[in-house]
>>> print(open('model.txt').read())   # compact mmCIF, C-alpha atoms
# COMPACT_ATOMS: atom_id res chain seq x y z
CA MET V 89 120.53 49.02 -53.53
CA ALA V 90 118.38 46.62 -51.54
CA ASN V 91 117.05 43.48 -53.18
CA SER V 92 114.07 44.77 -55.11
CA LYS V 93 112.14 41.50 -54.74
CA LEU V 94 112.24 41.80 -50.96
CA TYR V 95 110.64 45.21 -50.76
CA LYS V 96 108.28 44.87 -53.75
CA GLY V 97 105.41 43.69 -51.57
CA SER V 98 105.89 46.62 -49.22
CA LEU V 99 105.82 49.37 -51.85
CA VAL V 100 102.17 50.22 -51.21
CA THR V 101 102.77 50.41 -47.45
CA ILE V 102 105.79 52.66 -47.98
CA ILE V 103 103.75 55.04 -50.18
CA LEU V 104 100.82 55.13 -47.74
CA ARG V 105 103.15 55.71 -44.80
CA LEU V 106 104.88 58.63 -46.53
CA LEU V 107 101.57 60.22 -47.46
CA LYS V 108 100.33 59.86 -43.91
CA GLU V 109 103.30 61.91 -42.75
CA ASN V 110 103.45 64.45 -45.55
CA GLU V 111 99.78 65.07 -46.37
CA LYS V 112 100.38 65.48 -50.12
CA MET V 113 103.24 64.42 -52.34
CA TYR V 114 104.05 64.05 -56.04
CA GLY V 115 105.64 61.01 -57.66
CA TYR V 116 109.19 62.27 -57.95
CA GLU V 117 109.10 63.58 -54.39
CA ILE V 118 108.19 60.09 -53.14
CA THR V 119 111.17 58.47 -54.90
CA GLN V 120 113.53 61.12 -53.52
CA LYS V 121 112.12 60.94 -50.00
CA VAL V 122 112.56 57.16 -49.82
CA LYS V 123 116.11 57.49 -51.11
CA GLN V 124 116.83 60.17 -48.52
CA ILE V 125 115.31 58.35 -45.53
CA THR V 126 117.03 55.06 -46.34
CA GLN V 127 120.26 56.85 -47.35
CA GLY V 128 120.08 55.38 -50.82
CA GLU V 129 119.66 51.82 -49.56
CA LEU V 130 116.17 51.61 -51.02
CA GLN V 131 115.29 53.11 -54.38
CA ILE V 132 111.76 53.03 -55.67
CA THR V 133 111.82 52.47 -59.41
CA GLU V 134 109.75 54.75 -61.61
CA GLY V 135 108.22 51.79 -63.42
CA ALA V 136 106.81 50.45 -60.13
CA LEU V 137 105.85 53.70 -58.41
CA TYR V 138 103.33 55.12 -60.86
CA PRO V 139 101.39 51.87 -61.39
CA ALA V 140 101.15 51.56 -57.59
CA LEU V 141 99.93 55.15 -57.23
CA HIS V 142 97.34 54.75 -59.99
CA LYS V 143 96.10 51.51 -58.49
CA LEU V 144 95.67 53.12 -55.06
CA GLU V 145 93.86 56.02 -56.71
CA ALA V 146 91.48 53.64 -58.52
CA GLN V 147 90.83 51.83 -55.23
CA GLY V 148 89.74 55.12 -53.68
CA LEU V 149 92.62 55.17 -51.19
CA LEU V 150 94.26 58.22 -52.76
CA ASP V 151 92.86 61.47 -54.01
CA VAL V 152 94.60 63.63 -56.60
CA ASP V 153 95.14 67.32 -57.02
CA VAL V 154 96.89 69.12 -59.87
CA GLN V 155 98.69 72.42 -59.42
CA LYS V 156 100.66 74.64 -61.73
CA VAL V 157 104.22 74.79 -60.44
CA GLY V 158 106.49 77.09 -62.45
CA ASN V 159 106.02 76.22 -66.09
CA ARG V 160 104.50 72.79 -65.58
CA LEU V 161 101.59 70.95 -64.03
CA ARG V 162 102.22 68.78 -60.99
CA LYS V 163 99.99 65.96 -59.80
CA TYR V 164 99.81 65.57 -56.04
CA TYR V 165 98.51 62.54 -54.18
CA LYS V 166 96.91 62.55 -50.75
CA LEU V 167 95.18 59.99 -48.57
CA THR V 168 91.41 59.74 -48.57
CA PRO V 169 89.68 58.84 -45.24
CA GLN V 170 89.54 55.25 -46.54
CA GLY V 171 93.24 55.48 -47.37
CA GLN V 172 94.03 56.58 -43.82
CA LYS V 173 92.30 53.51 -42.41
CA GLU V 174 94.09 51.29 -44.89
CA THR V 175 97.46 52.82 -43.95
CA HIS V 176 96.87 51.86 -40.34
CA SER V 177 96.08 48.24 -41.13
CA LYS V 178 98.87 47.94 -43.73
CA LEU V 179 101.41 49.21 -41.20
CA GLN V 180 100.22 46.72 -38.61
CA GLU V 181 100.47 43.95 -41.19
CA LEU V 182 104.01 44.96 -42.11
CA GLN V 183 105.09 45.19 -38.46
CA ALA V 184 103.71 41.72 -37.78
CA TYR V 185 105.56 40.46 -40.86
CA ILE V 186 108.85 42.04 -39.72
CA LYS V 187 108.43 40.43 -36.27
CA THR V 188 107.86 37.00 -37.82
CA MET V 189 110.86 37.44 -40.11
CA GLN V 190 113.05 38.41 -37.17
CA VAL V 191 112.04 35.25 -35.34
CA LEU V 192 112.75 33.19 -38.45
CA VAL V 193 116.07 34.84 -39.26
CA ASN V 194 117.29 34.91 -35.69
CA PRO V 195 115.64 32.00 -33.80
CA LYS V 196 117.51 32.82 -30.56
CA TRP V 197 115.26 35.83 -30.10
CA SER V 198 112.22 33.65 -29.82
CA LEU V 199 113.85 31.61 -27.02
CA GLU V 200 114.84 34.74 -25.10
CA SER V 201 111.37 36.25 -25.13
CA MET S 238 130.56 74.34 -52.87
CA GLU S 239 129.98 76.79 -55.64
CA PHE S 240 127.13 76.51 -58.08
CA GLY S 241 126.24 78.69 -61.03
CA ILE S 242 122.61 79.47 -61.80
CA MET S 243 120.75 76.20 -61.49
CA ARG S 244 119.67 74.89 -64.91
CA THR S 245 115.93 74.33 -65.11
CA VAL S 246 113.67 72.95 -67.82
CA ASN S 247 112.24 75.86 -69.81
CA PRO S 248 108.74 76.06 -71.39
CA GLN S 249 109.99 75.03 -74.86
CA GLU S 250 111.70 72.03 -73.33
CA ILE S 251 108.51 71.13 -71.45
CA ALA S 252 106.74 71.06 -74.83
CA GLN S 253 109.53 68.84 -76.16
CA LEU S 254 109.10 66.49 -73.20
CA TYR S 255 105.38 66.18 -74.01
CA GLN S 256 106.39 65.23 -77.56
CA PHE S 257 108.90 62.76 -76.14
CA THR S 258 106.21 60.98 -74.09
CA ARG S 259 103.95 60.85 -77.16
CA ALA S 260 106.79 59.34 -79.17
CA HIS S 261 107.09 56.69 -76.46
CA PHE S 262 103.46 55.61 -76.75
CA VAL S 263 101.94 57.71 -73.99
CA GLU S 264 98.83 59.02 -75.73
CA TYR S 265 96.91 60.31 -72.74
CA TYR S 266 97.35 63.82 -71.46
CA ASP S 267 97.07 63.12 -67.72
CA LEU S 268 99.80 60.51 -67.89
CA GLN S 269 101.93 62.68 -70.17
CA THR S 270 101.67 65.52 -67.66
CA GLU S 271 102.73 63.35 -64.75
CA LEU S 272 105.67 61.85 -66.66
CA VAL S 273 106.79 65.23 -68.04
CA ASP S 274 106.92 66.63 -64.51
CA HIS S 275 108.83 63.55 -63.34
CA LEU S 276 111.40 63.77 -66.14
CA ALA S 277 111.79 67.52 -65.66
CA ASN S 278 112.36 67.12 -61.90
CA ASP S 279 114.88 64.38 -62.44
CA MET S 280 116.68 66.27 -65.19
CA GLU S 281 117.07 69.28 -62.92
CA VAL S 282 118.61 67.05 -60.23
CA ILE S 283 120.91 65.49 -62.86
CA TRP S 284 121.99 68.98 -64.01
CA GLN S 285 122.94 69.90 -60.45
CA LYS S 286 125.56 67.16 -60.53
CA GLN S 287 126.43 67.34 -64.24
CA PRO S 288 125.63 70.86 -65.43
CA LYS S 289 127.30 70.34 -68.79
CA LEU S 290 124.86 67.70 -69.99
CA SER S 291 122.63 68.75 -72.89
CA PHE S 292 118.84 68.64 -72.68
CA GLU S 293 118.75 65.40 -74.68
CA GLN S 294 121.47 63.75 -72.58
CA ALA S 295 119.78 64.64 -69.30
CA ARG S 296 116.41 63.52 -70.68
CA ASP S 297 117.78 60.18 -71.85
CA ALA S 298 119.56 59.59 -68.54
CA SER S 299 116.28 60.13 -66.75
CA PHE S 300 114.24 58.03 -69.17
CA LYS S 301 116.70 55.15 -68.76
CA LYS S 302 115.55 54.78 -65.15
CA PHE S 303 112.14 53.60 -66.38
CA GLY S 304 113.79 50.38 -67.53
CA VAL S 305 113.90 48.56 -70.86
CA PHE S 306 110.17 48.86 -71.47
CA GLY S 307 110.20 52.61 -70.94
CA PHE S 308 106.74 54.00 -70.17
CA MET S 309 104.93 50.87 -71.37
CA ASP S 310 104.44 49.35 -67.91
CA VAL S 311 103.10 52.62 -66.58
CA VAL S 312 100.64 52.95 -69.48
CA GLY S 313 99.47 49.33 -69.18
CA GLU S 314 98.86 49.59 -65.46
CA ARG S 315 97.12 52.93 -65.88
CA GLN S 316 94.75 51.26 -68.35
CA LYS S 317 93.88 48.59 -65.77
CA ALA S 318 93.35 51.18 -63.03
CA MET S 319 91.16 53.32 -65.29
CA THR S 320 89.06 50.31 -66.35
CA LYS S 321 88.41 49.74 -62.66
CA ARG S 322 87.43 53.38 -62.29
CA TYR S 323 85.07 53.12 -65.28
CA MET S 324 83.46 50.01 -63.80
CA THR S 325 82.98 51.87 -60.52
CA TYR S 326 81.15 54.70 -62.31
CA LEU S 327 79.07 52.13 -64.18
CA TRP S 328 78.16 50.39 -60.94
CA GLN S 329 77.34 53.67 -59.13
CA GLU S 330 74.84 54.47 -61.87
CA PHE S 331 73.51 50.92 -62.13
CA ARG S 332 72.86 50.50 -58.43
CA GLN S 333 70.40 53.40 -58.47
CA TRP S 334 68.13 51.08 -60.46
CA LEU S 335 68.06 48.71 -57.49
CA THR S 336 66.76 51.33 -55.07
CA LEU S 337 63.64 53.49 -55.13
CA PRO S 338 62.46 55.38 -57.12
CA LYS S 339 64.17 53.71 -60.12
CA LEU S 340 63.56 50.26 -58.65
CA ALA S 341 59.91 50.65 -59.71
CA ILE S 342 61.01 50.91 -63.38
CA THR S 343 63.30 47.88 -62.94
CA LEU S 344 60.41 45.81 -61.53
CA CYS S 345 58.06 46.89 -64.33
CA LEU S 346 60.69 45.95 -66.89
CA PHE S 347 61.11 42.56 -65.25
CA LEU S 348 57.34 41.94 -65.29
CA VAL S 349 57.10 42.86 -68.97
CA PHE S 350 59.93 40.46 -69.87
CA TYR S 351 58.52 37.75 -67.61
CA THR S 352 55.10 38.01 -69.23
CA ALA S 353 56.62 37.94 -72.70
CA PHE S 354 58.89 34.99 -72.00
CA SER S 355 56.08 33.00 -70.29
CA SER S 356 53.93 33.22 -73.41
CA PRO S 357 54.00 30.62 -76.20
CA PHE S 358 55.82 33.17 -78.41
CA VAL S 359 59.16 33.02 -76.59
CA PRO S 360 61.31 32.73 -79.76
CA LEU S 361 59.58 35.71 -81.33
CA PHE S 362 59.93 37.86 -78.19
CA LEU S 363 63.58 36.87 -77.78
CA VAL S 364 64.34 37.93 -81.32
CA LEU S 365 62.36 41.17 -80.88
CA VAL S 366 63.93 42.16 -77.55
CA PHE S 367 67.53 41.27 -78.36
CA GLY S 368 67.18 42.37 -81.98
CA TYR S 369 66.04 45.77 -80.72
CA HIS S 370 68.99 45.93 -78.33
CA ALA S 371 71.38 45.01 -81.14
CA VAL S 372 70.08 47.68 -83.52
CA TRP S 373 69.94 50.31 -80.76
CA SER S 374 73.47 49.58 -79.56
CA ILE S 375 74.92 49.77 -83.08
CA TYR S 376 73.10 53.06 -83.65
CA LYS S 377 74.32 54.45 -80.30
CA SER S 378 77.90 53.28 -80.97
CA VAL S 379 77.93 55.23 -84.23
CA ILE S 380 76.50 58.34 -82.54
CA LEU S 381 78.97 58.12 -79.63
CA ARG S 382 81.93 57.71 -81.96
CA LYS S 383 80.82 60.80 -83.87
CA ARG S 384 80.48 62.74 -80.62
CA PHE S 385 83.92 61.54 -79.55
CA LYS S 386 85.42 62.60 -82.87
CA SER S 387 83.97 66.10 -82.64
CA ARG S 388 85.21 66.42 -79.03
CA ARG S 389 88.68 65.38 -80.16
CA GLU S 390 88.67 67.96 -82.94
CA ASN S 391 88.31 70.73 -80.38
CA THR S 392 91.33 69.68 -78.32
CA SER S 393 94.65 67.90 -78.74
CA LYS S 394 94.37 66.40 -75.28
CA LYS S 395 93.35 62.77 -75.05
CA TRP S 396 91.81 61.31 -71.90
CA MET S 397 91.70 57.58 -71.20
CA LEU S 398 88.36 57.72 -69.40
CA GLU S 399 86.77 59.75 -72.20
CA GLU S 400 87.82 57.09 -74.68
CA MET S 401 86.32 54.37 -72.48
CA ILE S 402 83.02 56.23 -72.08
CA PHE S 403 82.61 56.92 -75.78
CA LYS S 404 84.27 54.00 -77.48
CA GLN S 405 83.93 51.03 -75.18
CA ALA S 406 80.30 51.48 -74.15
CA GLY S 407 78.40 48.23 -74.10
CA GLY S 408 81.45 46.26 -75.23
CA ALA S 409 80.47 43.14 -73.31
CA ALA S 410 76.92 43.41 -74.62
CA LEU S 411 77.98 43.15 -78.25
CA LEU S 412 79.74 39.88 -77.49
CA LEU S 413 76.60 38.49 -75.87
CA MET S 414 74.53 39.63 -78.80
CA SER S 415 76.56 37.43 -81.12
CA GLN S 416 75.11 34.47 -79.24
CA LEU S 417 71.58 35.40 -80.28
CA PRO S 418 71.12 32.53 -82.77
CA THR S 419 72.06 30.00 -80.06
CA TRP S 420 69.53 31.60 -77.72
CA TYR S 421 66.90 31.33 -80.40
CA ASN S 422 67.60 27.64 -80.98
CA LEU S 423 67.39 26.89 -77.27
CA SER S 424 64.29 28.97 -76.66
CA GLY S 425 61.95 26.00 -76.95
CA ALA S 426 63.37 24.60 -73.72
CA TYR S 427 62.62 27.80 -71.76
CA LEU S 428 58.89 27.29 -72.17
CA SER S 429 58.83 24.22 -69.97
CA ASN S 430 61.05 25.45 -67.15
CA PRO S 431 59.63 28.26 -64.92
CA THR S 432 62.99 28.84 -63.17
CA LEU S 433 64.66 29.43 -66.52
CA VAL S 434 61.90 31.87 -67.50
CA ILE S 435 62.57 33.87 -64.30
CA GLY S 436 66.32 33.61 -64.94
CA ILE S 437 66.13 34.79 -68.52
CA SER S 438 63.74 37.64 -67.60
CA LEU S 439 66.07 38.77 -64.82
CA PHE S 440 69.06 38.62 -67.12
CA THR S 441 67.25 40.60 -69.82
CA THR S 442 66.27 43.26 -67.26
CA VAL S 443 69.85 43.64 -65.98
CA PHE S 444 71.16 43.60 -69.54
CA SER S 445 68.76 46.35 -70.67
CA ILE S 446 69.73 48.60 -67.77
CA TYR S 447 73.44 47.98 -68.35
CA MET S 448 73.05 48.96 -72.00
CA TYR S 449 71.12 52.10 -71.08
CA VAL S 450 73.67 53.12 -68.44
CA SER S 451 76.73 52.57 -70.65
CA PHE S 452 75.32 53.95 -73.90
CA GLU S 453 73.17 56.77 -72.58
CA LEU S 454 73.71 57.82 -68.96
CA LEU S 455 77.51 57.72 -68.67
CA PRO S 456 78.17 59.53 -72.00
CA ASN S 457 75.69 62.22 -70.93
CA LYS S 458 77.59 62.65 -67.66
CA ALA S 459 81.01 62.60 -69.38
CA GLU S 460 81.97 66.17 -68.48
CA GLU S 461 81.11 65.68 -64.82
CA LEU S 462 82.99 62.36 -64.63
CA LEU S 463 86.05 63.72 -66.44
CA ASN S 464 86.22 66.70 -64.09
CA GLN S 465 85.84 64.37 -61.14
CA THR S 466 88.61 62.05 -62.38
CA TYR S 467 91.09 64.56 -63.72
CA PRO S 468 91.67 67.75 -61.71
CA GLU S 469 93.63 69.11 -64.70
CA TYR S 470 90.73 68.53 -67.11
CA SER S 471 89.43 72.08 -66.88
CA MET S 472 92.84 73.72 -66.32
>>> encode(input="model.txt", output="structure tokens")
Amino acid sequence: MANSKLYKGSLVTIILRLLKENEKMYGYEITQKVKQITQGELQITEGALYPALHKLEAQGLLDVDVQKVGNRLRKYYKLTPQGQKETHSKLQELQAYIKTMQVLVNPKWSLES
Amino acid sequence: MEFGIMRTVNPQEIAQLYQFTRAHFVEYYDLQTELVDHLANDMEVIWQKQPKLSFEQARDASFKKFGVFGFMDVVGERQKAMTKRYMTYLWQEFRQWLTLPKLAITLCLFLVFYTAFSSPFVPLFLVLVFGYHAVWSIYKSVILRKRFKSRRENTSKKWMLEEMIFKQAGGAALLLMSQLPTWYNLSGAYLSNPTLVIGISLFTTVFSIYMYVSFELLPNKAEELLNQTYPEYSM
């Protein structure tokens, strides 16, 4: 499992990115999807996921929908128009961060470019 | 690979999972529902790999993933997020008093307070205005708590926002009210300073509207706000 401290700051961006691609998702689905995409390298912990989702919901970036699935109720999250804008800027921020980190971790790259 | 019939969480077990969340300090229905679905999903995945595990074993294996504090972090953060939501509703209602037509009432209120606090009877008016607010807010708190109690008797479901609307209304105001004697003692100084008179009149106006919004308007709109916040509220 990846160092949790390193990806902690990116959790919100990961959630927004997944919702941008999948329209609507429920909590457990998000944890499984991240695990699947990163082949188990990254695992979102339950204790971090729900607080992040609820915070985004309170900020008006996510909208919720509840549906009866089988014998239980399932809460789905989807991006609001404001959330879509935020996803775009968060992704740009993260990409810029990754670029900077690459330069810092591998200084040769900056000389080549 | 050969699998038997995939084990799923049955309705009785769903009810047991609700009880399990309650036993782990999750009082609110919306959060219980989300966590029950999460545990059930995870347990079904666990059963795919270890079909012989009992309901309790699969449940505990899933719960363990929430860490040593269990659901406590989730509940605490939910409280913060819902407080923010409540403040947003409060502000949405309050800001209507800063635009027409309600702005006219706000201005009238300000003028009344300004006239009262410019007169030589400032201490008397201060006691009257804030004394009235104190009595009214205590009366409203009692009424709201009664309303909340009767709502709770009709359902076993508890909603965080409902509790905030009915039990935390005007919370900040009651703290301010306790400072009334200090205000009274200082009131002599207000007479001589016109800026302070404007300041105190403005504050009293904002304060009165805040009290009205939190004790009267939001509780009256509770059903609408709960439906807006929780899609499962009317399910």
>>> closest_atom_pairs(input="model.txt", of="chain V", to="chain S", cutoff="10 Å", atoms="only C-alpha atoms", output="JSON lines")
{"residue": "V:Tyr114", "atom": "CA", "partner": "S:His275", "partner_atom": "CA", "distance": 8.7}
{"residue": "V:Gly115", "atom": "CA", "partner": "S:His275", "partner_atom": "CA", "distance": 7.0}
{"residue": "V:Tyr116", "atom": "CA", "partner": "S:His275", "partner_atom": "CA", "distance": 5.6}
{"residue": "V:Glu117", "atom": "CA", "partner": "S:Asn278", "partner_atom": "CA", "distance": 8.9}
{"residue": "V:Gln120", "atom": "CA", "partner": "S:Asp279", "partner_atom": "CA", "distance": 9.6}
{"residue": "V:Thr133", "atom": "CA", "partner": "S:Phe303", "partner_atom": "CA", "distance": 7.1}
{"residue": "V:Glu134", "atom": "CA", "partner": "S:Phe303", "partner_atom": "CA", "distance": 5.5}
{"residue": "V:Gly135", "atom": "CA", "partner": "S:Phe303", "partner_atom": "CA", "distance": 5.2}
{"residue": "V:Ala136", "atom": "CA", "partner": "S:Val311", "partner_atom": "CA", "distance": 7.8}
{"residue": "V:Leu137", "atom": "CA", "partner": "S:Val311", "partner_atom": "CA", "distance": 8.7}
{"residue": "V:Tyr138", "atom": "CA", "partner": "S:Val311", "partner_atom": "CA", "distance": 6.2}
{"residue": "V:Pro139", "atom": "CA", "partner": "S:Glu314", "partner_atom": "CA", "distance": 5.3}
{"residue": "V:Ala140", "atom": "CA", "partner": "S:Glu314", "partner_atom": "CA", "distance": 8.4}
{"residue": "V:Leu141", "atom": "CA", "partner": "S:Arg315", "partner_atom": "CA", "distance": 9.4}
{"residue": "V:His142", "atom": "CA", "partner": "S:Ala318", "partner_atom": "CA", "distance": 6.2}
{"residue": "V:Lys143", "atom": "CA", "partner": "S:Ala318", "partner_atom": "CA", "distance": 5.3}
{"residue": "V:Leu144", "atom": "CA", "partner": "S:Ala318", "partner_atom": "CA", "distance": 8.5}
{"residue": "V:Glu145", "atom": "CA", "partner": "S:Ala318", "partner_atom": "CA", "distance": 8.0}
{"residue": "V:Ala146", "atom": "CA", "partner": "S:Ala318", "partner_atom": "CA", "distance": 5.5}
{"residue": "V:Gln147", "atom": "CA", "partner": "S:Arg322", "partner_atom": "CA", "distance": 8.0}
{"residue": "V:Gly148", "atom": "CA", "partner": "S:Arg322", "partner_atom": "CA", "distance": 9.1}
{"residue": "V:Asp151", "atom": "CA", "partner": "S:Thr466", "partner_atom": "CA", "distance": 9.4}
{"residue": "V:Val152", "atom": "CA", "partner": "S:Pro468", "partner_atom": "CA", "distance": 7.2}
{"residue": "V:Asp153", "atom": "CA", "partner": "S:Pro468", "partner_atom": "CA", "distance": 5.8}
{"residue": "V:Val154", "atom": "CA", "partner": "S:Pro468", "partner_atom": "CA", "distance": 5.7}
{"residue": "V:Gln155", "atom": "CA", "partner": "S:Glu469", "partner_atom": "CA", "distance": 8.0}
{"residue": "V:Lys156", "atom": "CA", "partner": "S:Met472", "partner_atom": "CA", "distance": 9.1}
{"residue": "V:Val157", "atom": "CA", "partner": "S:Asp274", "partner_atom": "CA", "distance": 9.5}
{"residue": "V:Gly158", "atom": "CA", "partner": "S:Pro248", "partner_atom": "CA", "distance": 9.3}
{"residue": "V:Asn159", "atom": "CA", "partner": "S:Pro248", "partner_atom": "CA", "distance": 6.0}
{"residue": "V:Arg160", "atom": "CA", "partner": "S:Asp274", "partner_atom": "CA", "distance": 6.7}
{"residue": "V:Leu161", "atom": "CA", "partner": "S:Thr270", "partner_atom": "CA", "distance": 6.5}
{"residue": "V:Arg162", "atom": "CA", "partner": "S:Asp274", "partner_atom": "CA", "distance": 6.3}
{"residue": "V:Lys163", "atom": "CA", "partner": "S:Glu271", "partner_atom": "CA", "distance": 6.2}
{"residue": "V:Tyr164", "atom": "CA", "partner": "S:Glu271", "partner_atom": "CA", "distance": 9.5}
>>> atom_distance(input="model.txt", atom1="CA of Leu398 in chain S", atom2="CA of Tyr255 in chain S")
19.6 Å
>>> atom_distance(input="model.txt", atom1="CA of Val359 in chain S", atom2="CA of Cys345 in chain S")
18.5 Å
>>> residues_near_point(input="model.txt", point="(72.3, 52.4, -78.1)", cutoff="8 Å", atoms="only C-alpha atoms", output="list in words")
His370, Val372, Trp373, Ser374, Ile375, Tyr376, Lys377, Ser378, Met448, Tyr449, Phe452 and Glu453 of chain S
>>> axis_aligned_box(input="model.txt", around="range 184-191 of chain V", padding_each_side="8 Å", output="JSON")
{"center_x": 108.4, "center_y": 38.6, "center_z": -38.1, "size_x": 25.3, "size_y": 22.8, "size_z": 21.5}
>>> closest_atom_pairs(input="model.txt", of="range 295-346 of chain S", to="range 433-439 of chain S", cutoff="12 Å", atoms="all atoms listed in the file", output="JSON lines")
{"residue": "S:Thr343", "atom": "CA", "partner": "S:Leu439", "partner_atom": "CA", "distance": 9.7}
{"residue": "S:Leu344", "atom": "CA", "partner": "S:Leu439", "partner_atom": "CA", "distance": 9.6}
{"residue": "S:Cys345", "atom": "CA", "partner": "S:Ser438", "partner_atom": "CA", "distance": 11.3}
{"residue": "S:Leu346", "atom": "CA", "partner": "S:Ser438", "partner_atom": "CA", "distance": 8.9}
>>> write_last_selection(input="model.txt", atoms="C-alpha atoms", output="mmCIF file, keeping the file's coordinate frame")
data_model
loop_
_atom_site.group_PDB
_atom_site.id
_atom_site.type_symbol
_atom_site.label_atom_id
_atom_site.label_comp_id
_atom_site.auth_asym_id
_atom_site.auth_seq_id
_atom_site.Cartn_x
_atom_site.Cartn_y
_atom_site.Cartn_z
ATOM 1 C CA THR S 343 63.300 47.880 -62.940
ATOM 2 C CA LEU S 344 60.410 45.810 -61.530
ATOM 3 C CA CYS S 345 58.060 46.890 -64.330
ATOM 4 C CA LEU S 346 60.690 45.950 -66.890
#
>>> residues_near_point(input="model.txt", point="(98.7, 51.2, -41.7)", cutoff="12 Å", atoms="only C-alpha atoms", output="ChimeraX atom specification")
/V:98,100-109,149,167,170-184
>>> atom_distance(input="model.txt", atom1="CA of Glu390 in chain S", atom2="CA of Ser451 in chain S")
23.0 Å
>>> residues_around(input="model.txt", residues="range 283-288 of chain S", least_positions_apart="5", cutoff="8 Å", atoms="only C-alpha atoms", output="PDB file with C-alpha atoms, keeping the file's coordinate frame")
ATOM      1  CA  MET S 243     120.750  76.200 -61.490  1.00  0.00           C
ATOM      2  CA  ARG S 244     119.670  74.890 -64.910  1.00  0.00           C
ATOM      3  CA  ALA S 295     119.780  64.640 -69.300  1.00  0.00           C
TER       4      ALA S 295
END
>>> residues_around(input="model.txt", residues="Arg384 in chain S", least_positions_apart="5", cutoff="9 Å", atoms="all atoms listed in the file", output="count of residues only")
3
